[in-house]
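Enquirer: This is the structure I want to talk about, given as structure tokens.
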Amino acid sequence: MPGTTPNKSVDFAKVLDEAANILKSTPENEDTWSLLNETIRELDDFTKSDIIPENFSNLIQVFSNDIAALLTSQKSILVATILDFVKTLGINLSSDDFLVLEEQFVPEILKLIQRDARIFQLRARECIVTLVQHKKLLTFFPAVVEGFAEGNEFAKCNIMEILVEYVQCLQIDMEPYLESLESVLRVGCADSSQDVREITRRVYDAYRKQFKERAEILKDALSEESKNNLKIESPSLPSLSEESDCDSEHVIELSPTPLRSTTPQNRMIPLDLTKSTSKYLSKDSPLSTSSLSSRTSKLTIPCDDLPYMKSTRAHHHRLSQNSLAPEFGLKSWETSGANIDIFPMTLRIYPVPEGLPDRKPFRV
């Protein structure tokens, strides 16, 4: 049996007989669990093929109880192989055909969720979720809900994850079981574990999308604390596009230039060279206005247009004694960072109006 590959020429009934002999006559221990694991794996491979007979579910029933009994094993590899086989059966068999096998496999799978080892809980949850997604296990919904009260914190989280799939996948078929679902929601939203409460909110969210009226009635009957735990949407922050104190008209764009004063009358406006750059072009610059898009031109910027010059003593003195400096400004070779190769240092030197006492150049 082990090592056999699916082939249409193989007598499928013979394969099942060999599997039944191994499963019924081989107890699980350290020496035999790998043989049992390989046998179930081969059954899984044949179930995925297109050579299974129509009465396959009836043939599986011969040794289905023996497979289900192996779910109590402590070997996680063997248990995972059995769960994969059950998932394959649920995917490939119709709801009516799989209904016969549910009574044998599902109760043992639900017991795995109550184990302390999380690897078994996660594997069992994955199997149950897959079966629910394929429209199976509707009649086992009360048994799933019943396990919520008996489980530990991690088991409760896994059961809530299963309930989310029940509500989303089975939808209208859930109507006969809505009271059981509401009862577990009441308990879950008041649970001491924050993780359980968070997943309960997800279940309630899915429940509200499918049964909005009943969900609102359920929420109204809860305590204030439980209502707070079931809040789905938190208040959104105000947007800048909405009317608020953060209206774009009142937002002041900060200048990259250091400011000396923060009073409105002395607030300096950054220099905008995008409006008119031609008047700042140096006369002896080899570049013209038409070449600005391809290269960066050298600019000659008068002192009046430099924001940081407006707060200096030299600037205010020139304003008060305008006649002393009739032609005050930068020469064609004195540019604001344009002819950077002329200056060997990072220090920028600006002219001082005539009439002022001698002073050292200032840094900008």
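Naming works like this for the structure tokens: A, B, ... for the chains as they're shown, residue 1 at the start of each chain, ligands 1 onward in shown order.
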Could you list, as a list in words, every residue within 8 Å of stretch 175-190 of chain A, counting only C-alpha atoms and ignoring same-chain residues fewer than 3 positions away?

Expert: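 Everything that qualifies: Phe141, Pro142, Val145, Phe148, Gln171, Ile172, Val196, Arg197, Thr200, Arg201, Val203, Tyr204, Leu218, Leu222, Glu225, Ser226, Asn229 and Leu230 of chain A.
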
Enquirer: Hey, which of A:Glu103, A:Asp191, A:Thr26, A:Leu89 ends up closest to A:Phe56? Count only C-alpha atoms.

Expert: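 Ranked by minimum distance to A:Phe56, first place goes to A:Leu89.
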
Enquirer: Suppose you want the space between atom CA of A:Leu43 and atom CA of A:Asp84; what is it in Å?

Expert: 10.6 Å

Enquirer: What's the 9 Å shell around stretch 155-163 of chain A, counting only C-alpha atoms, without same-chain residues fewer than 4 positions away, as an MDAnalysis selection string?

Expert: chainID A and resid 113:116 118 121:122 125:126 128:129 132 141 144:145 147:151 167:168 181 188 195:197 199:200 202:203

Enquirer: Which value, in Å to one decimal, gives the distance between atom CA of A:Asn228 and atom CA of A:Asp173?

Expert: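 Separation of atom CA of A:Asn228 and atom CA of A:Asp173: 29.2 Å.
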
Enquirer: Between atom CA of A:Leu78 and atom CA of A:Ser34, what is the spacing in Å?

Expert: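 Atom CA of A:Leu78 lies at a distance of 7.6 Å from atom CA of A:Ser34.
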
Enquirer: Taking into account only C-alpha atoms, which residue in the set A:Asp96, A:Ile109, A:Tyr166, A:Glu153 is nearest to A:Gln194?

Expert: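 Once distances to A:Gln194 are computed over only C-alpha atoms, the minimum belongs to A:Glu153.
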
Enquirer: When you look at stretch 59-61 of chain A with a cut-off of 10 Å (counting only C-alpha atoms), what residues show up, excluding the ones that are within fewer than 2 positions of it in the same chain? I need them as a list in words.

Expert: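 With the cut-off at 10 Å, the set is Ala13, Leu16, Asp17, Ala19, Ala20, Leu43, Pro53, Glu54, Asn55, Phe56, Ser57, Phe63, Ser64, Asn65, Asp66, Ile67, Leu89, Val100, Leu101 and Gln104 of chain A.
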
Enquirer: Apply DSSP to the backbone of this structure and, from stretch 93-158 of chain A, keep only the residues in helix (DSSP H, G or I); write these as an MDAnalysis selection string.

Expert: chainID A and resid 95:113 118:133 138:150 153:158
